[in-house]
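So this one's structure_30.txt, compact mmCIF, C-alpha atoms:
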# COMPACT_ATOMS: atom_id res chain seq x y z
CA MET P 1 97.03 128.70 103.73
CA LYS P 2 96.72 129.94 100.20
CA SER P 3 97.72 133.27 98.74
CA GLU P 4 97.41 134.40 95.15
CA PHE P 5 99.08 137.22 93.32
CA GLN P 6 100.32 138.33 89.93
CA GLY P 7 104.04 137.84 89.75
CA SER P 8 106.95 137.30 87.44
CA LEU P 9 108.93 134.26 86.47
CA LEU P 10 112.56 134.80 85.70
CA ARG P 11 114.64 132.16 83.99
CA ILE P 12 118.36 132.44 83.55
CA HIS P 13 120.20 130.11 81.20
CA PHE P 14 123.97 129.66 81.24
CA GLY P 15 126.63 126.98 81.55
CA GLU P 16 127.63 125.02 84.60
CA SER P 17 131.25 126.04 84.33
CA ASP P 18 130.44 129.76 84.39
CA GLN P 19 131.88 131.49 87.43
CA TRP P 20 131.34 134.68 89.38
CA GLU P 21 133.96 135.84 91.84
CA GLY P 22 135.51 132.40 92.04
CA LYS P 23 132.22 130.63 92.72
CA PRO P 24 129.98 128.72 90.33
CA LEU P 25 127.63 131.28 88.86
CA HIS P 26 124.46 129.45 89.90
CA GLU P 27 125.61 129.39 93.52
CA ALA P 28 126.42 133.07 93.31
CA ILE P 29 122.94 133.82 91.94
CA VAL P 30 121.26 131.79 94.68
CA ALA P 31 123.34 133.67 97.27
CA LYS P 32 122.35 136.98 95.68
CA CYS P 33 118.69 135.96 95.75
CA ARG P 34 118.95 135.23 99.46
CA GLU P 35 120.62 138.54 100.04
CA LEU P 36 117.80 140.35 98.25
CA GLY P 37 115.16 138.31 100.06
CA MET P 38 113.68 136.65 97.01
CA ALA P 39 110.87 134.24 97.84
CA GLY P 40 112.60 131.26 96.34
CA VAL P 41 114.90 130.01 93.65
CA THR P 42 115.52 126.67 92.01
CA VAL P 43 118.49 125.61 89.91
CA PHE P 44 118.17 122.88 87.30
CA ARG P 45 120.89 121.10 85.42
CA GLY P 46 120.06 120.18 81.85
CA ILE P 47 121.33 117.03 80.21
CA GLU P 48 122.13 118.57 76.88
CA GLY P 49 121.89 121.85 75.06
CA TYR P 50 123.67 124.64 73.34
CA GLY P 51 123.73 128.34 73.84
CA THR P 52 125.09 131.63 72.57
CA SER P 53 128.52 130.23 71.89
CA THR P 54 126.93 127.31 70.05
CA ARG P 55 129.13 124.85 71.87
CA ILE P 56 127.23 121.71 72.74
CA ARG P 57 126.98 121.30 76.45
CA HIS P 58 126.82 117.77 77.73
CA ALA P 59 126.48 116.39 81.21
CA GLY P 60 128.57 113.27 80.82
CA LEU P 61 128.08 110.85 83.66
CA TRP P 62 131.76 110.23 84.30
CA SER P 63 133.25 113.44 83.05
CA PHE P 64 134.64 115.62 85.77
CA SER P 65 134.80 118.74 83.73
CA ARG P 66 131.15 119.20 83.12
CA ASP P 67 129.61 122.07 81.32
CA ALA P 68 125.97 121.14 81.38
CA PRO P 69 123.31 123.78 80.72
CA ILE P 70 122.04 125.39 83.90
CA LEU P 71 118.60 126.92 84.34
CA VAL P 72 117.87 129.14 87.32
CA THR P 73 114.18 129.73 87.96
CA ILE P 74 112.92 132.47 90.24
CA VAL P 75 109.31 133.31 91.02
CA ASP P 76 108.42 136.47 92.89
CA THR P 77 106.58 139.75 92.55
CA GLU P 78 107.65 141.86 89.62
CA GLU P 79 109.03 144.46 92.00
CA GLN P 80 111.34 141.92 93.65
CA ILE P 81 112.46 140.53 90.31
CA ARG P 82 113.32 144.05 89.14
CA LYS P 83 115.66 144.35 92.12
CA LEU P 84 117.61 141.35 90.92
CA THR P 85 117.93 142.08 87.21
CA PRO P 86 120.58 144.85 87.50
CA HIS P 87 122.84 142.43 89.36
CA LEU P 88 122.37 139.85 86.67
CA ASP P 89 123.63 142.26 84.03
CA ALA P 90 127.02 142.09 85.69
CA MET P 91 126.99 138.47 86.77
CA VAL P 92 125.76 136.72 83.64
CA GLN P 93 128.46 137.34 81.06
CA GLU P 94 127.16 134.84 78.59
CA GLY P 95 123.66 133.55 78.75
CA LEU P 96 120.02 134.33 78.49
CA VAL P 97 117.58 135.94 80.90
CA VAL P 98 113.87 135.43 80.21
CA LEU P 99 111.07 137.16 82.08
CA SER P 100 107.40 136.20 81.87
CA PRO P 101 104.30 137.37 83.71
CA VAL P 102 102.69 134.62 85.76
CA GLU P 103 99.83 133.97 88.13
CA VAL P 104 101.19 132.68 91.43
CA ILE P 105 99.39 130.50 93.95
CA ARG P 106 101.35 129.95 97.10
CA TYR P 107 100.54 127.25 99.61
CA SER P 108 102.01 127.42 103.08
CA PRO P 109 101.09 125.34 106.10
CA SER P 110 98.69 127.27 108.34
CA ASP P 111 100.07 128.09 111.77
CA ASN P 112 97.60 126.03 113.78
CA LYS P 113 98.41 122.75 112.09
CA ALA P 114 102.06 123.10 111.26
CA PRO P 115 103.12 119.58 110.37
CA GLN P 116 106.01 118.30 112.41
CA GLU P 117 108.00 117.04 109.41
CA LYS P 118 107.82 120.42 107.71
CA ALA P 119 109.51 122.17 110.60
CA ARG P 120 112.99 122.21 109.22
CA MET A 1 78.87 92.29 68.66
CA LEU A 2 77.17 93.16 71.89
CA LYS A 3 76.42 96.82 72.43
CA PRO A 4 76.04 98.66 75.71
CA GLY A 5 72.43 98.68 76.89
CA LYS A 6 69.66 96.19 77.60
CA ALA A 7 70.47 92.53 77.11
CA LEU A 8 69.60 89.12 78.52
CA LYS A 9 71.74 86.90 80.67
CA VAL A 10 71.20 83.17 80.33
CA SER A 11 72.32 80.72 83.01
CA ILE A 12 72.18 76.99 82.35
CA TYR A 13 72.55 74.68 85.33
CA ILE A 14 73.71 71.18 84.49
CA SER A 15 75.68 68.38 86.02
CA GLU A 16 79.27 67.86 85.07
CA GLY A 17 78.83 64.22 84.10
CA ALA A 18 75.74 64.75 81.97
CA LYS A 19 76.20 63.65 78.38
CA HIS A 20 74.38 64.48 75.18
CA ARG A 21 75.07 62.23 72.23
CA GLY A 22 78.24 61.00 73.86
CA VAL A 23 79.81 64.40 74.65
CA PRO A 24 79.62 66.25 77.95
CA VAL A 25 76.63 68.57 77.89
CA TYR A 26 78.67 71.65 78.83
CA SER A 27 81.07 71.24 75.95
CA GLY A 28 78.18 70.55 73.58
CA ILE A 29 76.47 73.72 74.69
CA LEU A 30 79.68 75.73 74.53
CA ASP A 31 80.36 74.56 70.98
CA PHE A 32 76.79 75.31 70.00
CA LEU A 33 77.03 78.85 71.41
CA PHE A 34 80.36 79.38 69.72
CA TYR A 35 79.13 78.29 66.30
CA ARG A 36 75.97 80.34 66.59
CA GLY A 37 78.08 83.45 67.10
CA VAL A 38 77.25 84.21 70.72
CA SER A 39 79.63 86.93 71.85
CA GLY A 40 80.98 84.98 74.81
CA ALA A 41 80.17 82.29 77.36
CA THR A 42 81.66 81.08 80.61
CA VAL A 43 81.44 77.66 82.25
CA LEU A 44 81.61 77.82 86.04
CA LYS A 45 82.24 74.86 88.24
CA GLY A 46 80.31 74.60 91.46
CA VAL A 47 81.80 73.13 94.61
CA ALA A 48 78.54 71.74 95.96
CA GLY A 49 74.85 71.79 95.15
CA PHE A 50 71.71 69.83 94.59
CA GLY A 51 69.25 69.69 91.76
CA ALA A 52 65.87 68.30 90.81
CA ASP A 53 66.83 64.81 91.92
CA HIS A 54 67.65 66.12 95.41
CA HIS A 55 70.97 64.38 95.57
CA LEU A 56 73.60 66.46 97.23
CA HIS A 57 76.66 66.75 95.01
CA SER A 58 79.87 67.79 96.64
CA ALA A 59 83.57 67.36 95.94
CA ASN A 60 84.83 64.55 98.04
CA ILE A 61 88.53 64.04 98.44
CA VAL A 62 88.17 60.25 98.37
CA GLU A 63 86.03 59.94 95.29
CA ILE A 64 86.17 62.53 92.59
CA SER A 65 82.55 63.08 91.80
CA ASP A 66 81.55 63.60 88.21
CA GLN A 67 78.21 64.89 89.35
CA MET A 68 79.43 68.37 90.28
CA PRO A 69 77.16 71.24 89.38
CA LEU A 70 78.14 73.35 86.38
CA LYS A 71 76.76 76.67 85.31
CA ILE A 72 77.09 78.08 81.83
CA GLU A 73 76.55 81.78 81.54
CA PHE A 74 76.30 84.05 78.59
CA ILE A 75 74.88 87.43 77.71
CA GLU A 76 73.24 88.26 74.41
CA THR A 77 70.53 90.35 72.82
CA ALA A 78 66.91 89.19 73.21
CA GLU A 79 66.64 88.43 69.46
CA LYS A 80 69.66 86.21 69.49
CA ILE A 81 68.44 84.32 72.53
CA ASN A 82 64.99 83.76 71.00
CA GLU A 83 66.75 82.33 67.98
CA ILE A 84 68.82 79.78 69.84
CA MET A 85 66.64 78.94 72.84
CA GLY A 86 64.85 75.96 71.26
CA LYS A 87 68.05 74.13 70.53
CA LEU A 88 69.53 75.15 73.85
CA GLU A 89 66.61 73.57 75.75
CA GLU A 90 67.21 70.36 73.90
CA LEU A 91 70.93 70.39 74.64
CA ALA A 92 70.48 71.17 78.33
CA GLY A 93 68.51 67.94 78.76
CA THR A 94 67.44 67.72 82.40
CA GLY A 95 69.21 70.94 83.37
CA MET A 96 67.63 74.24 84.21
CA ILE A 97 67.80 77.39 82.12
CA ASP A 98 67.23 80.78 83.62
CA VAL A 99 67.03 84.10 81.74
CA GLN A 100 67.46 87.48 83.41
CA GLU A 101 67.33 90.98 82.12
CA THR A 102 70.60 92.76 82.42
CA THR A 103 72.36 95.87 81.23
CA VAL A 104 75.66 95.80 79.42
CA ALA A 105 77.76 98.64 80.73
CA LYS A 106 80.80 97.88 78.63
CA PRO A 107 80.99 95.08 76.09
CA ALA A 108 84.16 93.04 75.79
CA GLN A 109 86.39 93.89 72.88
CA VAL A 110 88.39 91.62 70.66
CA SER A 111 91.41 93.88 70.92
CA LYS A 112 92.21 97.24 72.34
CA PRO A 113 90.21 99.82 70.46
CA ASN A 114 92.08 101.44 67.66
CA LYS A 115 91.83 105.06 68.53
CA SER A 116 91.57 106.72 65.17
CA VAL A 117 90.16 109.81 66.84
CA PRO A 118 92.74 111.28 69.18
CA PRO A 119 91.49 111.72 72.73
CA GLU A 120 90.37 115.21 73.59
CA HIS A 121 93.53 116.17 75.38
CA LEU A 122 95.61 115.32 72.35
CA ARG A 123 93.91 117.95 70.29
CA ILE A 124 94.86 121.00 72.28
CA GLU A 125 96.41 123.65 70.18
CA GLY A 126 97.06 127.35 70.17
CA LYS A 127 96.58 129.17 73.45
CA ALA A 128 97.11 127.03 76.51
CA ARG A 129 98.27 127.30 80.09
CA MET A 130 101.47 126.16 81.62
CA MET A 131 101.44 125.19 85.26
CA ARG A 132 104.63 124.81 87.24
CA ILE A 133 104.45 123.33 90.71
CA PHE A 134 107.41 123.77 93.06
CA VAL A 135 107.67 121.31 95.95
CA GLY A 136 110.39 119.53 97.89
CA GLU A 137 111.54 116.06 96.99
CA SER A 138 110.89 114.74 100.49
CA ASP A 139 107.33 116.10 100.61
CA LYS A 140 104.83 113.31 101.02
CA TRP A 141 101.21 112.79 100.25
CA ARG A 142 99.70 109.73 101.94
CA ASP A 143 103.13 108.13 102.35
CA LYS A 144 103.97 108.60 98.71
CA PRO A 145 106.39 111.13 97.27
CA LEU A 146 104.27 114.18 96.56
CA HIS A 147 105.55 114.68 93.02
CA GLN A 148 104.72 111.08 92.19
CA ALA A 149 101.23 111.42 93.69
CA LEU A 150 100.71 114.60 91.68
CA ILE A 151 101.71 112.88 88.45
CA GLU A 152 99.33 110.02 89.19
CA ALA A 153 96.55 112.49 89.94
CA MET A 154 97.24 114.25 86.64
CA ARG A 155 97.12 111.02 84.71
CA ALA A 156 93.86 110.09 86.34
CA ASN A 157 92.46 113.48 85.32
CA ASP A 158 93.59 113.16 81.70
CA ILE A 159 96.02 116.01 81.89
CA ALA A 160 97.92 116.00 78.62
CA GLY A 161 101.34 115.40 80.10
CA ALA A 162 103.66 116.37 82.88
CA THR A 163 107.39 116.42 83.48
CA VAL A 164 109.17 116.33 86.82
CA TYR A 165 112.46 118.17 87.19
CA ARG A 166 114.86 117.82 90.07
CA GLY A 167 116.76 120.93 90.98
CA ILE A 168 120.40 120.85 91.97
CA LEU A 169 120.19 123.84 94.26
CA GLY A 170 117.54 126.12 95.61
CA TYR A 171 115.52 127.40 98.51
CA GLY A 172 111.83 127.86 99.11
CA ALA A 173 109.21 129.13 101.49
CA HIS A 174 111.08 128.45 104.71
CA GLY A 175 114.40 129.42 103.29
CA ARG A 176 115.49 125.85 103.70
CA MET A 177 118.26 125.14 101.27
CA HIS A 178 117.78 122.22 98.93
CA ARG A 179 120.99 120.85 97.61
CA ASP A 180 121.59 117.81 95.50
CA ARG A 181 124.36 115.85 97.12
CA LYS A 182 125.78 113.09 95.02
CA LEU A 183 126.21 110.53 97.76
CA SER A 184 123.53 111.44 100.24
CA LEU A 185 120.65 109.05 100.71
CA SER A 186 118.24 111.55 102.18
CA HIS A 187 117.45 113.60 99.13
CA ASP A 188 115.57 116.79 99.59
CA ALA A 189 116.14 118.50 96.31
CA SER A 190 113.75 121.05 94.84
CA ILE A 191 111.24 119.49 92.52
CA MET A 192 109.40 121.25 89.75
CA LEU A 193 106.50 119.72 87.85
CA SER A 194 105.68 121.29 84.56
CA VAL A 195 102.33 120.75 82.86
CA VAL A 196 100.79 122.17 79.72
CA ASP A 197 97.08 121.84 79.05
CA SER A 198 93.99 123.91 78.33
CA GLU A 199 92.92 126.63 80.76
CA GLU A 200 89.82 124.64 81.80
CA LYS A 201 91.74 121.47 82.47
CA ILE A 202 94.30 123.27 84.58
CA ARG A 203 91.64 125.22 86.47
CA ALA A 204 89.69 122.05 87.15
CA PHE A 205 92.80 120.39 88.50
CA LEU A 206 93.76 123.21 90.87
CA PRO A 207 91.48 122.21 93.78
CA LEU A 208 93.21 118.86 93.86
CA VAL A 209 96.61 120.54 93.88
CA GLU A 210 95.42 122.67 96.75
CA GLN A 211 94.44 119.56 98.66
CA MET A 212 97.69 117.75 98.03
CA VAL A 213 100.28 120.50 98.25
CA GLU A 214 100.63 121.69 101.82
CA GLU A 215 103.57 123.86 101.12
CA GLY A 216 104.74 124.98 97.75
CA LEU A 217 104.26 127.30 94.88
CA VAL A 218 102.06 127.01 91.83
CA VAL A 219 102.81 129.27 88.91
CA LEU A 220 100.50 129.69 85.94
CA SER A 221 101.44 131.29 82.67
CA ASP A 222 100.04 131.64 79.16
CA VAL A 223 101.72 129.63 76.46
CA ASP A 224 101.21 128.99 72.77
CA ILE A 225 101.31 125.40 71.70
CA ILE A 226 103.27 125.28 68.50
CA LYS A 227 103.19 121.58 67.98
CA TYR A 228 101.78 118.65 69.83
CA ALA A 229 102.45 115.53 67.87
CA TYR A 230 101.77 112.04 69.02
CA ARG A 231 102.23 108.66 67.49
CA GLY A 232 98.76 107.17 67.63
CA HIS A 233 99.53 103.62 66.67
CA GLU A 234 102.74 103.05 68.51
CA ALA A 235 101.32 104.53 71.64
CA ASP A 236 99.83 101.24 72.83
CA SER A 237 102.75 100.55 75.09
CA GLY A 238 103.16 103.79 76.93
CA GLY A 239 103.45 107.40 76.00
CA VAL A 240 100.81 110.00 76.21
CA GLN A 241 98.05 107.83 74.87
CA ASP A 242 98.30 105.68 77.96
CA ASN A 243 96.58 108.49 79.78
CA ALA A 244 93.44 107.92 77.84
CA GLU A 245 93.15 104.33 78.95
CA LEU A 246 93.02 105.16 82.61

Give the structure from the file, written as structure tokens.
Amino acid sequence: MKSEFQGSLLRIHFGESDQWEGKPLHEAIVAKCRELGMAGVTVFRGIEGYGTSTRIRHAGLWSFSRDAPILVTIVDTEEQIRKLTPHLDAMVQEGLVVLSPVEVIRYSPSDNKAPQEKAR
Amino acid sequence: MLKPGKALKVSIYISEGAKHRGVPVYSGILDFLFYRGVSGATVLKGVAGFGADHHLHSANIVEISDQMPLKIEFIETAEKINEIMGKLEELAGTGMIDVQETTVAKPAQVSKPNKSVPPEHLRIEGKARMMRIFVGESDKWRDKPLHQALIEAMRANDIAGATVYRGILGYGAHGRMHRDRKLSLSHDASIMLSVVDSEEKIRAFLPLVEQMVEEGLVVLSDVDIIKYAYRGHEADSGGVQDNAEL
């Protein structure tokens, strides 16, 4: 099944060591997205980068104290995204939030031929 | 140099042991063709056959026959063949020569073509489209990881380039949580493919995406290409230029 709509893409950049209420910030954002019923969210870890504080972030393979760049990507309707942004103002203390208009095509398995392996 | 289009294919049937002025006929003919600038020739060895003398020649394990049939094949333009046919008939001796019309679809090349003109997809600039495809790492397409199949499909369609990202955390359509666990073997992380190409290219590729992605999200946005540089000469062994050779 295919559905198409005009939506928004929100990208949030910050560091892996950033925290919110004692939790890693990216986990807190994912939890917030669930709470608000956002369609989906994906978190990526960068291998190198620098941000507002101009400190170089590096994901060293053996370093335990990592501070790699983190990118959280959320795609949803603009209305849904707008629900999230006020929360981000509080949660993201240092970072970047980027919003762009996008065309969304969503594929979901049709009900009559729901593949067995997808039923998770 | 042979060009695509009409040409003639010459087959010369001789016997392996046949000699002309003390040298095997096939090597005499091959040398002759080489020196006359024929673009290429192949000598094929038959395993059995019979000729004008009606003696059956076959490879026998006990005695190694030197009467095995040989076939020399080459393709050239009609003019060239007219030019060399007289001498060829003499060289072939008792053998048979057969000429057929043929069409050269793609001539052989001495070396890989030096692409001085960048392929079309390397010249995109300015306004373009960015396509992001969100799928799960364990999604399959014909027993292959879906993201890998998508990349292959993009290469085959001359899409300028694609990058696959693995997420460390996320959830999608079913609310199933994808989490990257360091030591787990059954990975089901979120995967994002990111592609930049012209609007037409992306549009033309969408039906294929639709076919391959059962469950997932495709997001299109407008982008400006600021710079798309490629190293034309070093690209022989990989890189974006590889796409063009598929």

Give me, as a compact mmCIF listing (two decimals) with C-alpha atoms, keeping the file's coordinate frame, the contact residues of chain A against chain P at a cut-off of 8 Å, counting only C-alpha atoms.
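What follows is the written file result-v3.txt:
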# COMPACT_ATOMS: atom_id res chain seq x y z
CA TYR A 165 112.46 118.17 87.19
CA ARG A 166 114.86 117.82 90.07
CA GLY A 167 116.76 120.93 90.98
CA ILE A 168 120.40 120.85 91.97
CA LEU A 169 120.19 123.84 94.26
CA GLY A 170 117.54 126.12 95.61
CA TYR A 171 115.52 127.40 98.51
CA GLY A 172 111.83 127.86 99.11
CA ALA A 173 109.21 129.13 101.49
CA HIS A 174 111.08 128.45 104.71
CA GLY A 175 114.40 129.42 103.29
CA ARG A 176 115.49 125.85 103.70
CA SER A 190 113.75 121.05 94.84
CA GLU A 210 95.42 122.67 96.75
CA VAL A 213 100.28 120.50 98.25
CA GLU A 214 100.63 121.69 101.82
CA GLU A 215 103.57 123.86 101.12
CA GLY A 216 104.74 124.98 97.75
CA LEU A 217 104.26 127.30 94.88
CA VAL A 218 102.06 127.01 91.83
CA VAL A 219 102.81 129.27 88.91
CA LEU A 220 100.50 129.69 85.94
CA SER A 221 101.44 131.29 82.67
CA ASP A 222 100.04 131.64 79.16

re CA of Lys106 (chain A) and CA of Ala153 (chain A): distance 24.3 Å

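Omitting Ala78 (chain A) and its sequence neighbours fewer than 6 positions away, and counting only C-alpha atoms, the residues within 10 Å are Lys6, Ala7, Leu8, Lys9, Val99 and Glu101 of chain A.
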
Taking (132.1, 132.1, 85.1) in the file's coordinates as the center, which residues reach within 12 Å of it, counting only C-alpha atoms, put as a VMD selection string? chain P and resid 14 to 29 67 90 to 95

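Interatomic distance, CA of Met131 (chain A) to CA of Ala204 (chain A): 12.3 Å.
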
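CA of Glu78 (chain P) is found 17.5 Å from CA of Arg132 (chain A).
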
Close residues, His20 (chain A) itself excluded, 9 Å, all atoms listed in the file, min 2 positions apart in chain, as a ChimeraX atom specification: /A:18,22-25,28,91-93

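If all atoms listed in the file are the atoms counted, then among A:Phe205, A:Phe134, A:Tyr35, A:Phe50 the closest residue to Ile84 (chain A) is A:Tyr35.
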
Residues within 9 Å of Gly51 (chain A), all atoms listed in the file, excluding chain neighbours under 6 positions, as a compact mmCIF listing (two decimals) with C-alpha atoms, in the frame of the given file:
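Listing of selection25.txt after writing:
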# COMPACT_ATOMS: atom_id res chain seq x y z
CA TYR A 13 72.55 74.68 85.33
CA ILE A 14 73.71 71.18 84.49
CA SER A 15 75.68 68.38 86.02
CA HIS A 57 76.66 66.75 95.01
CA PRO A 69 77.16 71.24 89.38
CA GLY A 95 69.21 70.94 83.37
CA MET A 96 67.63 74.24 84.21

Please, what is the axis-aligned box for every listed atom of region 68-75 of chain P with 4 Å on each side, as centre and edge lengths in Å to one decimal, as lines of an AutoDock Vina configuration file?
center_x = 117.6
center_y = 127.2
center_z = 85.9
size_x = 24.7
size_y = 20.2
size_z = 18.3
